[in-house]
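Asker: Below is one structure. I have some questions about it.
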Amino acid sequence: MSRRFRAPSPQTIAVLQALSGPHARWSYGLEIAEATGLASGSLYPILIRLAERGLLESEWQDPAQPGRPARHAYRITGEGRAVLHHALATGRKPGLKEAWR
């Protein structure tokens with residue numbers, strides 16, 4: 001049974017857009033923050049909520065350099081892409097980086 005969620009906020013749409021590029025690679029929070037212009041206090045609750053709802057995958061990745069901590073990475077799922085496309089098709093406006101300055 002599918003759960004109904006309220007319409008995504010412009011900030012949530014911006015996060016999904018930042019992760020929905022043509023290659024859908026794993027991205028770190030800092031990269032997503034730079035792409036969306038969202039502060040960490042807004043971004044990380046959105047990332048957690050999207051991962052809990054199955055719209056994003058998340059995993060801890062080992063550091064590229066020895067002595068650095070592991071980092072949490074995120075990637076959009078097929079369901080996340082469907083939610084993004086539906087939101088954009090129904091006229092929801094994304095929260096673009098310029099809107100947060």
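Numbering starts fresh at 1 for the residues of each chain in the structure tokens, the chains themselves are lettered A, B, ... in the order given, and ligands are numbered from 1 as they appear.
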Extract the full set of strand (DSSP E) residues from chain A according to DSSP on the backbone, and format it as a VMD selection string.
Answerer: chain A and resid 27 to 28 56 to 61 71 to 76
Asker: Residues near Asp62 in chain A, anyone? I mean within 12 Å using only C-alpha atoms, not counting same-chain ones fewer than 5 positions away, as a list in words.
Answerer: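 Here the answer would be Gly67, Arg68, Pro69, Ala70, Arg71, His72 and Ala73 of chain A.
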Asker: Take the residues that were just selected and, keeping N, CA and C atoms, output them as a PDB file, in the first residue's frame.
Answerer:
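The resulting again28.pdb:
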ATOM      1  N   GLY A  67      43.235   8.715   7.150  1.00  0.00           N
ATOM      2  CA  GLY A  67      43.177   9.660   8.249  1.00  0.00           C
ATOM      3  C   GLY A  67      41.954  10.575   8.216  1.00  0.00           C
ATOM      4  N   ARG A  68      41.202  10.524   7.135  1.00  0.00           N
ATOM      5  CA  ARG A  68      39.983  11.337   7.031  1.00  0.00           C
ATOM      6  C   ARG A  68      38.801  10.497   7.511  1.00  0.00           C
ATOM      7  N   PRO A  69      37.744  11.128   7.999  1.00  0.00           N
ATOM      8  CA  PRO A  69      36.573  10.352   8.440  1.00  0.00           C
ATOM      9  C   PRO A  69      35.738   9.868   7.255  1.00  0.00           C
ATOM     10  N   ALA A  70      34.948   8.823   7.513  1.00  0.00           N
ATOM     11  CA  ALA A  70      33.994   8.360   6.502  1.00  0.00           C
ATOM     12  C   ALA A  70      32.965   9.467   6.280  1.00  0.00           C
ATOM     13  N   ARG A  71      32.349   9.472   5.097  1.00  0.00           N
ATOM     14  CA  ARG A  71      31.355  10.511   4.790  1.00  0.00           C
ATOM     15  C   ARG A  71      30.056   9.855   4.353  1.00  0.00           C
ATOM     16  N   HIS A  72      28.968  10.530   4.673  1.00  0.00           N
ATOM     17  CA  HIS A  72      27.651  10.055   4.289  1.00  0.00           C
ATOM     18  C   HIS A  72      27.350  10.572   2.888  1.00  0.00           C
ATOM     19  N   ALA A  73      26.951   9.685   2.000  1.00  0.00           N
ATOM     20  CA  ALA A  73      26.653  10.054   0.613  1.00  0.00           C
ATOM     21  C   ALA A  73      25.199   9.700   0.304  1.00  0.00           C
TER      22      ALA A  73
END
Asker: What does the distance from CA of Trp60 in chain A to CA of Pro8 in chain A come to in Å, to one decimal?
Answerer: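 So the two atoms, CA of Trp60 in chain A and CA of Pro8 in chain A, lie 25.6 Å apart.
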Asker: May I have the residues within 8 Å of range 16-28 of chain A as a PyMOL selection string, using only C-alpha atoms and disregarding those fewer than 5 positions away in the same chain?
Answerer: chain A and resi 35-36+71-76+80-81+84
Asker: Quick one: of A:Ala82, A:Ala89, A:Ala64, A:Val15, who's nearest to Ile46 in chain A, counting only C-alpha atoms?
Answerer: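 Selected residue with least distance to Ile46 in chain A: A:Val15.
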Asker: Which of these residues is nearest to Glu59 in chain A, using only C-alpha atoms: A:Ser9, A:Leu43, A:His85, A:Gly29?
Answerer: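 So, comparing all the options, the nearest one is A:Gly29.
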Asker: Which distance in Å separates CA of Arg53 in chain A and CA of Val83 in chain A, to one decimal?
Answerer: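 Atom-to-atom, CA of Arg53 in chain A and CA of Val83 in chain A are spaced 11.1 Å apart.
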Asker: For each of A:Leu50, A:Ala39, A:Ile13, A:Leu55, take the minimum atom-to-atom distance to Gly78 in chain A, counting only C-alpha atoms, then give the residue where this is smallest.
Answerer: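 Checking each candidate against Gly78 in chain A, we get A:Leu55 as the closest.
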